[in-house]
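Trainee: Just so it is clear, I am handing over entry24.txt, which has compact mmCIF, C-alpha atoms and all ligand atoms.
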```txt
# COMPACT_ATOMS: atom_id res chain seq x y z
CA MET A 315 -1.72 -54.06 -37.78
CA PRO A 316 -4.86 -52.90 -35.94
CA ILE A 317 -4.37 -51.25 -32.55
CA LYS A 318 -5.83 -53.24 -29.70
CA LYS A 319 -8.68 -51.52 -27.89
CA THR A 320 -6.90 -51.71 -24.57
CA ASP A 321 -3.84 -49.99 -26.01
CA LEU A 322 -6.02 -47.23 -27.42
CA GLU A 323 -7.71 -46.79 -24.08
CA ARG A 324 -4.39 -46.63 -22.29
CA TRP A 325 -3.16 -44.11 -24.81
CA LEU A 326 -6.24 -41.96 -24.34
CA ILE A 327 -5.82 -42.02 -20.56
CA LYS A 328 -2.19 -40.95 -21.01
CA LEU A 329 -3.22 -38.17 -23.34
CA LYS A 330 -5.83 -36.97 -20.84
CA ARG A 331 -3.19 -36.86 -18.10
CA ILE A 332 -0.84 -34.85 -20.28
CA GLU A 333 -3.67 -32.48 -21.08
CA GLU A 334 -4.41 -32.02 -17.39
CA LYS A 335 -0.75 -31.36 -16.65
CA VAL A 336 -0.56 -28.74 -19.39
CA GLU A 337 -3.72 -27.11 -18.05
CA ARG A 338 -2.32 -26.94 -14.53
CA LEU A 339 0.98 -25.51 -15.77
CA ALA A 340 -0.94 -22.91 -17.73
CA LEU A 341 -2.91 -22.10 -14.57
CA LEU A 342 0.33 -21.81 -12.59
CA SER A 343 1.74 -19.38 -15.12
CA GLN A 344 -1.48 -17.37 -15.14
CA LEU A 345 -1.62 -17.23 -11.33
CA SER A 346 2.05 -16.22 -11.14
CA GLN A 347 1.39 -13.36 -13.50
CA ILE A 348 -1.58 -12.18 -11.43
CA LEU A 349 0.54 -12.45 -8.29
CA ASN A 350 3.37 -10.39 -9.70
CA SER A 351 1.22 -7.67 -11.21
CA THR A 352 0.86 -5.78 -7.93
CA LEU A 353 3.25 -4.33 -5.35
CA ASP A 354 0.67 -4.13 -2.61
CA GLN A 355 1.57 -6.54 0.24
CA LYS A 356 -2.00 -7.23 1.29
CA GLU A 357 -3.11 -7.86 -2.24
CA ILE A 358 -0.20 -10.24 -2.88
CA ARG A 359 -1.12 -12.22 0.21
CA ARG A 360 -4.75 -12.44 -0.79
CA ARG A 361 -3.84 -13.50 -4.32
CA ALA A 362 -1.38 -16.10 -2.97
CA MET A 363 -4.14 -17.71 -0.95
CA GLU A 364 -6.54 -17.73 -3.84
CA ALA A 365 -3.87 -19.15 -6.15
CA ALA A 366 -2.97 -21.97 -3.73
CA THR A 367 -6.63 -22.94 -3.36
CA ARG A 368 -7.27 -22.95 -7.11
CA LEU A 369 -4.06 -24.61 -8.16
CA MET A 370 -4.35 -27.37 -5.57
CA LYS A 371 -8.10 -27.81 -6.14
CA ALA A 372 -8.43 -27.58 -2.38
CA GLU A 373 -11.17 -26.43 -0.02
CA VAL A 374 -9.01 -23.83 1.63
CA GLY A 375 -5.63 -22.20 1.14
CA SER A 376 -3.58 -20.15 3.56
CA LEU A 377 -0.41 -18.21 3.78
CA LEU A 378 1.39 -18.09 7.09
CA LEU A 379 4.16 -15.61 7.66
CA ILE A 380 6.94 -15.87 10.21
CA ASP A 381 7.16 -13.32 12.98
CA GLU A 382 10.85 -13.65 13.85
CA GLU A 383 10.64 -11.71 17.09
CA LYS A 384 7.81 -13.73 18.57
CA GLN A 385 9.04 -16.95 16.98
CA GLN A 386 5.53 -17.51 15.72
CA LEU A 387 3.70 -18.14 12.51
CA TYR A 388 0.58 -16.19 11.91
CA PHE A 389 -2.17 -16.73 9.40
CA VAL A 390 -2.35 -13.71 7.19
CA VAL A 391 -5.68 -14.62 5.74
CA ALA A 392 -7.38 -17.86 4.88
CA LEU A 393 -9.91 -18.14 2.14
CA GLY A 394 -13.21 -19.89 2.44
CA ASP A 395 -16.07 -19.48 4.89
CA ARG A 396 -13.88 -19.72 7.96
CA GLU A 397 -11.63 -16.80 7.06
CA GLU A 398 -12.38 -14.78 10.19
CA ASP A 399 -11.82 -17.69 12.57
CA ILE A 400 -8.56 -18.90 11.16
CA LYS A 401 -6.68 -15.66 10.64
CA THR A 402 -6.50 -14.77 14.31
CA ILE A 403 -4.73 -17.94 15.42
CA PRO A 404 -0.95 -17.78 15.79
CA LEU A 405 1.13 -20.97 15.72
CA ASN A 406 4.31 -21.38 17.67
CA PHE A 407 7.43 -22.09 15.69
CA GLY A 408 7.77 -25.83 15.14
CA GLU A 409 4.14 -26.41 16.11
CA GLY A 410 1.85 -28.24 13.70
CA ILE A 411 2.51 -29.17 10.09
CA ALA A 412 3.04 -25.55 9.03
CA GLY A 413 5.34 -24.92 12.01
CA TRP A 414 7.40 -27.96 11.07
CA VAL A 415 7.69 -26.84 7.43
CA ALA A 416 8.70 -23.34 8.56
CA GLN A 417 11.35 -24.70 10.89
CA GLN A 418 12.77 -27.32 8.53
CA GLY A 419 12.37 -25.33 5.33
CA LYS A 420 11.10 -28.49 3.62
CA PRO A 421 7.76 -29.24 1.93
CA LEU A 422 5.35 -31.80 3.27
CA ILE A 423 2.21 -33.70 2.28
CA VAL A 424 0.15 -35.25 5.03
CA ASN A 425 -2.76 -37.33 3.78
CA SER A 426 -3.73 -38.73 7.21
CA PRO A 427 -3.15 -35.85 9.64
CA GLU A 428 -4.70 -37.59 12.64
CA LYS A 429 -1.94 -40.21 12.43
CA ASP A 430 0.87 -37.67 12.11
CA PRO A 431 2.49 -36.61 15.39
CA ARG A 432 3.32 -33.21 13.88
CA PHE A 433 -0.33 -32.40 13.28
CA PHE A 434 -1.68 -29.72 15.61
CA LYS A 435 -5.39 -30.13 16.32
CA GLY A 436 -5.69 -26.71 17.93
CA VAL A 437 -6.69 -24.90 14.76
CA ASP A 438 -9.31 -27.51 13.83
CA GLU A 439 -10.70 -27.50 17.36
CA ARG A 440 -11.04 -23.77 17.46
CA THR A 441 -12.55 -23.47 14.00
CA GLU A 442 -14.50 -26.76 13.84
CA PHE A 443 -12.77 -27.30 10.55
CA LYS A 444 -11.92 -30.89 9.74
CA THR A 445 -8.51 -31.29 8.11
CA ARG A 446 -8.58 -34.41 5.94
CA ASN A 447 -5.29 -33.77 4.25
CA ILE A 448 -2.80 -30.98 3.88
CA ILE A 449 -0.01 -29.89 1.56
CA CYS A 450 2.46 -27.38 2.85
CA VAL A 451 5.55 -25.74 1.31
CA PRO A 452 8.03 -23.16 2.58
CA VAL A 453 8.10 -19.66 1.05
CA LYS A 454 11.77 -18.79 0.71
CA VAL A 455 13.54 -15.56 -0.14
CA LYS A 456 17.20 -16.17 -0.90
CA GLU A 457 17.26 -19.47 1.01
CA LYS A 458 15.57 -17.86 4.03
CA THR A 459 12.12 -19.16 4.94
CA ILE A 460 9.76 -16.23 5.43
CA GLY A 461 6.50 -18.14 5.52
CA VAL A 462 4.51 -21.16 4.55
CA LEU A 463 1.96 -21.69 1.80
CA GLU A 464 -0.54 -24.44 2.38
CA ALA A 465 -3.68 -25.98 0.93
CA ILE A 466 -6.10 -28.08 2.94
CA ASN A 467 -8.52 -30.81 1.83
CA LYS A 468 -8.21 -31.83 -1.80
CA GLN A 469 -11.61 -31.50 -3.43
CA LYS A 470 -13.70 -34.56 -4.34
CA LYS A 471 -12.15 -36.49 -1.46
CA GLY A 472 -8.86 -36.71 -3.37
CA LYS A 473 -5.33 -36.82 -2.00
CA PHE A 474 -2.37 -34.53 -2.63
CA ASN A 475 0.46 -36.03 -4.69
CA LYS A 476 3.99 -35.28 -5.94
CA GLU A 477 2.69 -33.29 -8.89
CA ASP A 478 0.77 -31.04 -6.46
CA LEU A 479 3.95 -30.60 -4.47
CA PHE A 480 5.91 -29.57 -7.54
CA LEU A 481 3.24 -27.03 -8.54
CA LEU A 482 2.76 -25.57 -5.07
CA THR A 483 6.54 -25.21 -4.63
CA SER A 484 6.72 -23.30 -7.93
CA LEU A 485 3.85 -21.09 -6.79
CA ALA A 486 5.57 -20.47 -3.44
CA ASP A 487 8.67 -19.29 -5.34
CA GLN A 488 6.52 -16.76 -7.17
CA VAL A 489 4.89 -15.66 -3.89
CA ALA A 490 8.36 -15.13 -2.42
CA ILE A 491 9.45 -13.01 -5.40
CA ALA A 492 6.27 -10.93 -5.26
CA LEU A 493 6.55 -10.36 -1.49
CA ASP A 494 10.21 -9.47 -1.75
CA ASN A 495 9.65 -7.05 -4.63
CA SER A 496 6.91 -5.39 -2.66
CA ARG A 497 9.14 -5.11 0.42
CA LEU A 498 11.94 -3.55 -1.63
CA TYR A 499 9.50 -1.13 -3.20
CA GLN A 500 8.12 -0.17 0.20
CA GLU A 501 11.61 0.40 1.56
CA LEU A 502 12.47 2.57 -1.39
CA GLU A 503 9.29 4.55 -0.96
CA GLU A 504 9.93 4.98 2.76
CA MET A 505 13.45 6.14 2.05
CA PHE A 506 12.05 8.63 -0.43
CA PHE A 507 9.52 9.99 2.07
CA GLN A 508 12.22 10.34 4.70
CA THR A 509 14.42 12.20 2.22
CA ALA A 510 11.52 14.46 1.25
CA ASP A 511 10.73 15.05 4.93
CA SER A 512 14.28 16.03 5.73
CA LEU A 513 14.33 18.38 2.75
CA ALA A 514 11.15 20.02 4.00
CA ASP A 515 12.62 20.15 7.47
CA ALA A 516 15.77 21.84 6.13
CA ILE A 517 13.61 24.61 4.67
CA GLU A 518 11.60 24.99 7.85
CA GLN A 519 14.76 25.31 9.90
CA ARG A 520 15.44 28.54 8.05
CA ASP A 521 12.03 29.94 8.92
CA PRO A 522 11.65 29.88 12.70
CA TYR A 523 7.98 30.92 12.62
CA THR A 524 6.60 27.98 10.70
CA GLY A 525 7.88 25.04 12.75
CA GLY A 526 5.89 21.90 11.94
CA HIS A 527 4.03 23.64 9.10
CA THR A 528 4.80 21.00 6.47
CA GLN A 529 3.77 18.15 8.70
CA ARG A 530 0.47 19.85 9.56
CA VAL A 531 -0.32 20.76 5.95
CA THR A 532 0.36 17.14 5.00
CA SER A 533 -1.95 15.82 7.67
CA TYR A 534 -4.77 18.30 6.86
CA SER A 535 -4.45 17.50 3.15
CA GLN A 536 -4.84 13.79 3.80
CA ALA A 537 -7.90 14.45 5.97
CA ILE A 538 -9.45 16.54 3.17
CA ALA A 539 -8.65 13.83 0.58
CA LYS A 540 -10.76 11.35 2.52
CA TYR A 541 -13.89 13.39 1.79
CA LEU A 542 -13.08 14.03 -1.85
CA GLN A 543 -12.96 10.36 -2.83
CA LEU A 544 -9.39 10.55 -4.02
CA GLY A 545 -7.92 7.20 -5.07
CA PRO A 546 -4.90 5.69 -3.27
CA LEU A 547 -2.46 6.77 -5.97
CA GLU A 548 -3.76 10.35 -5.99
CA ARG A 549 -3.51 10.41 -2.20
CA LYS A 550 0.09 9.29 -2.44
CA TRP A 551 0.89 12.11 -4.89
CA LEU A 552 -0.97 14.51 -2.61
CA LYS A 553 1.17 13.45 0.33
CA ILE A 554 4.37 14.13 -1.61
CA THR A 555 2.96 17.40 -2.96
CA SER A 556 2.14 18.64 0.52
CA VAL A 557 5.51 17.61 1.93
CA LEU A 558 7.34 19.42 -0.87
CA HIS A 559 4.92 22.28 -1.62
CA ASP A 560 7.25 24.99 -0.26
CA ILE A 561 10.53 23.42 -1.43
CA GLY A 562 11.07 26.50 -3.62
CA LYS A 563 11.65 28.60 -0.50
CA ILE A 564 15.16 27.19 -0.64
CA GLY A 565 15.77 29.79 -3.35
CA ILE A 566 14.49 32.76 -1.32
CA GLU A 567 16.89 34.98 0.55
CA ASP A 568 17.14 34.58 4.32
CA GLN A 569 16.48 38.24 5.12
CA ILE A 570 13.11 38.02 3.40
CA LEU A 571 12.20 34.57 4.59
CA ARG A 572 13.12 35.33 8.19
CA LYS A 573 11.82 38.87 8.33
CA PRO A 574 9.67 39.25 11.43
CA GLU A 575 7.75 42.31 10.16
CA ARG A 576 5.19 42.44 7.41
CA LEU A 577 6.73 42.19 3.94
CA SER A 578 6.87 45.10 1.53
CA PRO A 579 5.23 44.59 -1.91
CA GLU A 580 8.70 44.04 -3.45
CA GLU A 581 9.63 41.49 -0.83
CA PHE A 582 6.30 39.77 -1.28
CA SER A 583 6.87 39.47 -5.00
CA MET A 584 10.20 37.79 -4.19
CA ILE A 585 8.45 35.30 -1.90
CA LYS A 586 5.90 34.61 -4.64
CA ARG A 587 8.68 33.17 -6.76
CA HIS A 588 8.91 30.11 -4.50
CA SER A 589 6.15 28.16 -6.28
CA ASN A 590 7.88 28.43 -9.67
CA ILE A 591 11.28 27.71 -8.14
CA GLY A 592 9.82 24.63 -6.43
CA ALA A 593 8.38 23.34 -9.72
CA LYS A 594 11.76 23.90 -11.42
CA ILE A 595 13.58 21.95 -8.70
CA ILE A 596 11.21 19.02 -9.01
CA GLU A 597 11.44 18.95 -12.80
CA HIS A 598 14.85 17.35 -12.35
CA ILE A 599 13.27 14.25 -10.83
CA ARG A 600 11.50 12.29 -13.55
CA GLN A 601 9.57 10.15 -11.05
CA LEU A 602 8.03 13.23 -9.46
CA LYS A 603 6.49 14.83 -12.52
CA GLU A 604 2.99 14.16 -11.11
CA ILE A 605 3.56 16.62 -8.28
CA ILE A 606 4.82 19.54 -10.35
CA PRO A 607 1.33 21.04 -10.97
CA GLY A 608 0.46 20.87 -7.27
CA VAL A 609 3.68 22.53 -6.17
CA LYS A 610 3.55 25.16 -8.89
CA HIS A 611 -0.07 26.17 -8.35
CA HIS A 612 -0.62 25.88 -4.60
CA HIS A 613 -1.06 29.69 -4.38
CA GLU A 614 -3.57 30.03 -7.21
CA GLN A 615 -7.08 31.29 -6.35
CA VAL A 616 -10.31 30.11 -7.96
CA ASP A 617 -11.18 33.73 -8.82
CA GLY A 618 -7.94 33.99 -10.81
CA LYS A 619 -6.24 36.40 -8.39
CA GLY A 620 -3.58 33.96 -7.25
CA TYR A 621 -0.07 33.27 -8.50
CA PRO A 622 2.06 32.39 -10.45
CA ASP A 623 -0.28 32.03 -13.47
CA GLY A 624 -3.59 33.49 -12.30
CA LEU A 625 -5.40 30.22 -13.09
CA ARG A 626 -9.14 30.06 -12.39
CA GLY A 627 -11.52 27.42 -11.02
CA GLU A 628 -11.18 24.12 -12.84
CA GLU A 629 -7.89 25.20 -14.42
CA ILE A 630 -6.26 24.76 -11.03
CA PRO A 631 -5.09 21.19 -10.40
CA ILE A 632 -7.03 19.46 -7.62
CA LEU A 633 -3.92 18.65 -5.54
CA ALA A 634 -2.97 22.34 -5.60
CA LYS A 635 -6.46 23.33 -4.43
CA ILE A 636 -6.27 20.89 -1.53
CA VAL A 637 -2.83 22.09 -0.41
CA ALA A 638 -4.10 25.68 -0.69
CA VAL A 639 -6.90 25.07 1.82
CA ALA A 640 -4.64 23.15 4.22
CA ASP A 641 -1.93 25.82 3.87
CA THR A 642 -4.35 28.73 4.44
CA TYR A 643 -5.88 27.11 7.53
CA ASP A 644 -2.44 26.43 9.02
CA ALA A 645 -1.25 29.97 8.32
CA MET A 646 -4.29 31.36 10.15
CA THR A 647 -4.04 29.05 13.16
CA THR A 648 -0.35 29.55 13.94
CA ASN A 649 1.33 32.52 15.57
CA ARG A 650 3.23 34.94 13.38
CA PRO A 651 5.49 37.69 14.69
CA TYR A 652 3.10 40.36 13.44
CA ARG A 653 -0.15 38.68 14.52
CA LYS A 654 -1.49 36.10 16.93
CA ALA A 655 -2.96 32.78 15.85
CA MET A 656 -6.69 32.73 15.17
CA GLU A 657 -9.06 30.43 17.08
CA LYS A 658 -9.78 27.24 15.12
CA ASP A 659 -13.50 27.94 14.74
CA ALA A 660 -12.82 31.48 13.55
CA ALA A 661 -10.33 30.16 10.99
CA VAL A 662 -12.94 27.69 9.70
CA GLU A 663 -15.41 30.59 9.35
CA GLU A 664 -12.77 32.46 7.38
CA LEU A 665 -12.31 29.45 5.07
CA LYS A 666 -16.07 29.44 4.48
CA ARG A 667 -15.93 33.14 3.67
CA CYS A 668 -13.18 32.58 1.11
CA SER A 669 -14.89 29.53 -0.39
CA GLY A 670 -15.67 30.12 -4.07
CA THR A 671 -13.44 33.20 -4.37
CA GLN A 672 -10.00 32.34 -3.04
CA LEU A 673 -10.53 28.67 -2.26
CA ASP A 674 -12.32 25.84 -4.00
CA LYS A 675 -15.86 25.19 -2.67
CA ASP A 676 -15.69 21.39 -2.73
CA VAL A 677 -12.31 21.33 -1.04
CA VAL A 678 -13.47 23.69 1.72
CA GLN A 679 -16.58 21.52 2.13
CA ALA A 680 -14.37 18.42 2.51
CA PHE A 681 -12.19 20.29 5.01
CA ILE A 682 -15.26 21.18 7.09
CA GLN A 683 -16.46 17.57 7.06
CA ALA A 684 -13.07 16.38 8.32
CA TYR A 685 -13.00 19.23 10.88
CA GLN A 686 -16.45 18.40 12.24
CA ARG A 687 -15.44 14.78 12.68
CA GLY A 688 -12.43 15.83 14.73
CA GLU A 689 -9.94 14.70 12.10
CA ILE A 690 -8.36 18.15 11.87
FE FE A 701 3.78 28.20 -0.43
```
Take the structure I supplied and represent it as structure tokens, if you would.

Mentor:
Amino acid sequence: MPIKKTDLERWLIKLKRIEEKVERLALLSQLSQILNSTLDQKEIRRRAMEAATRLMKAEVGSLLLIDEEKQQLYFVVALGDREEDIKTIPLNFGEGIAGWVAQQGKPLIVNSPEKDPRFFKGVDERTEFKTRNIICVPVKVKEKTIGVLEAINKQKKGKFNKEDLFLLTSLADQVAIALDNSRLYQELEEMFFQTADSLADAIEQRDPYTGGHTQRVTSYSQAIAKYLQLGPLERKWLKITSVLHDIGKIGIEDQILRKPERLSPEEFSMIKRHSNIGAKIIEHIRQLKEIIPGVKHHHEQVDGKGYPDGLRGEEIPILAKIVAVADTYDAMTTNRPYRKAMEKDAAVEELKRCSGTQLDKDVVQAFIQAYQRGEI
């Protein structure tokens, strides 16, 4: 029996709809993957916005996060031309569509906002943005609403529907997971830094003449890194390297470490062991293998006269060369029992003098740049 034309047409329309659904689901999966491939909070937020806009085929997408203390919602960032205008406007809890969604923890579609009593015109008035329709879902972490994901103005004068709501809710779940993972990671990292700081502090407590040394070396190293175009990950390793660079001093006897007079050659050779001891201690922590070279070689010299391995020039890891400059400057500018601290300018001159022999030229150059800009 031949198929009627109308049936065929209906069937084709159905097929087209299924195809569209599959495409949108594929897009959702792709966007979720992109969202979860970073642990950087800012980046997650930006990607969430972009994903909401694309998935909803909307003009604009935003993510609002809840500030519990102020009982406010704030726009993290909003994509589109009006980004700058929108992101500065906070919304009171319960205010507007987003405020309602945040308070109730329920999703909402409003296709005629001017008729909805919950709609807050304030944002439109301040940004001259005309909201035609809006879809808004809560972002929940373990049943707790932490924010709101929304898309405004369906493209081609369309309206948001139940399918949009289903997709945006699924996306919001992914945003919540990504934000929570990132928070956990940050907490873990903070805990690690605090632990590393207290370890460094424990060593400093034994040496009364170097109070605050680690903290200063860390801050100088970061200032140098700025002028050496180090990437964010390298800077992070540098920070840990500088905090832990003298961890090996834990293995040096008190009477040598605390000796107020100049050290004898034998005592000095004992002190020299601290860079190898430090590297050995850190070897036990798999996650810290990136900092071993920096800790081990922070007393090498570019002319090969340093220790423990007498490495030269490019053989010395960059993080070690940075810590070396920061360490040398701090040693010169702090009081020691056997000599007074040098003036800052004189210490910088001394760094210049040692540049290319003891210290790396580029690193000293970067130090001077940071120094001249008042960052050291
Ligand atoms: Fe050292």

Trainee: Could you give me, as a list in words, every polymer residue with an atom at most 10 Å away from an atom of ligand FE 701 (chain A), counting only C-alpha atoms and all ligand atoms?

Mentor: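 After applying the 10 Å limit, what remains is Ser556, Leu558, His559, Asp560, Ile561, Gly562, Lys563, Ile585, Lys586, Arg587, His588, Ser589, Gly592, Val609, Lys610, His611, His612, His613, Val637, Ala638, Asp641 and Thr642 of chain A.
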
Trainee: Kindly give the distance, in Å, that separates atom CA of Ser535 of chain A and atom CA of Glu581 of chain A, rounded to a single decimal.

Mentor: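 Here the two named atoms are 28.1 Å from each other.
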
Trainee: Using only C-alpha atoms, what table do you get, as JSON lines, when you list each residue of segment 575-668 of chain A with an atom no more than 10 Å from segment 541-552 of chain A, its nearest pair of atoms, and their distance in Å rounded to one decimal, rows by chain then rising number?

Mentor:
```
{"residue": "A:Leu602", "atom": "CA", "partner": "A:Trp551", "partner_atom": "CA", "distance": 8.6}
{"residue": "A:Lys603", "atom": "CA", "partner": "A:Trp551", "partner_atom": "CA", "distance": 9.8}
{"residue": "A:Glu604", "atom": "CA", "partner": "A:Trp551", "partner_atom": "CA", "distance": 6.9}
{"residue": "A:Ile605", "atom": "CA", "partner": "A:Trp551", "partner_atom": "CA", "distance": 6.2}
{"residue": "A:Gly608", "atom": "CA", "partner": "A:Leu552", "partner_atom": "CA", "distance": 8.0}
{"residue": "A:Val609", "atom": "CA", "partner": "A:Leu552", "partner_atom": "CA", "distance": 9.9}
{"residue": "A:Ile632", "atom": "CA", "partner": "A:Leu552", "partner_atom": "CA", "distance": 9.3}
{"residue": "A:Leu633", "atom": "CA", "partner": "A:Leu552", "partner_atom": "CA", "distance": 5.9}
{"residue": "A:Ala634", "atom": "CA", "partner": "A:Leu552", "partner_atom": "CA", "distance": 8.6}
{"residue": "A:Ile636", "atom": "CA", "partner": "A:Leu552", "partner_atom": "CA", "distance": 8.4}
{"residue": "A:Val637", "atom": "CA", "partner": "A:Leu552", "partner_atom": "CA", "distance": 8.1}
```

Trainee: From the list A:Ala492, A:Ile554, A:Ala362, A:Ala510, which residue is nearest Val374 of chain A when using all atoms listed in the file?

Mentor: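 Ranked by minimum distance to Val374 of chain A, first place goes to A:Ala362.
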
Trainee: Could you tell me which of A:Thr459, A:Glu663, A:Gln601, A:Gly375 comes closest to Gly413 of chain A if we count only C-alpha atoms?

Mentor: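 Smallest separation from Gly413 of chain A among the options: A:Thr459.
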
Trainee: Excluding same-chain residues fewer than 2 positions from Val453 of chain A, what lies within 12 Å of it counting all atoms listed in the file, as a count of residues only?

Mentor: 40

Trainee: Considering all atoms listed in the file, can you say which of A:Asp381, A:Glu567, A:Glu364, A:Asp430 comes closest to Ser346 of chain A?

Mentor: A:Glu364

Trainee: With all atoms listed in the file as the atoms that count, which of A:Ile517, A:Val336, A:Leu353, A:Ile566 lies nearest to Tyr499 of chain A?

Mentor: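 Looking at the shortest contact to Tyr499 of chain A, the residue is A:Leu353.
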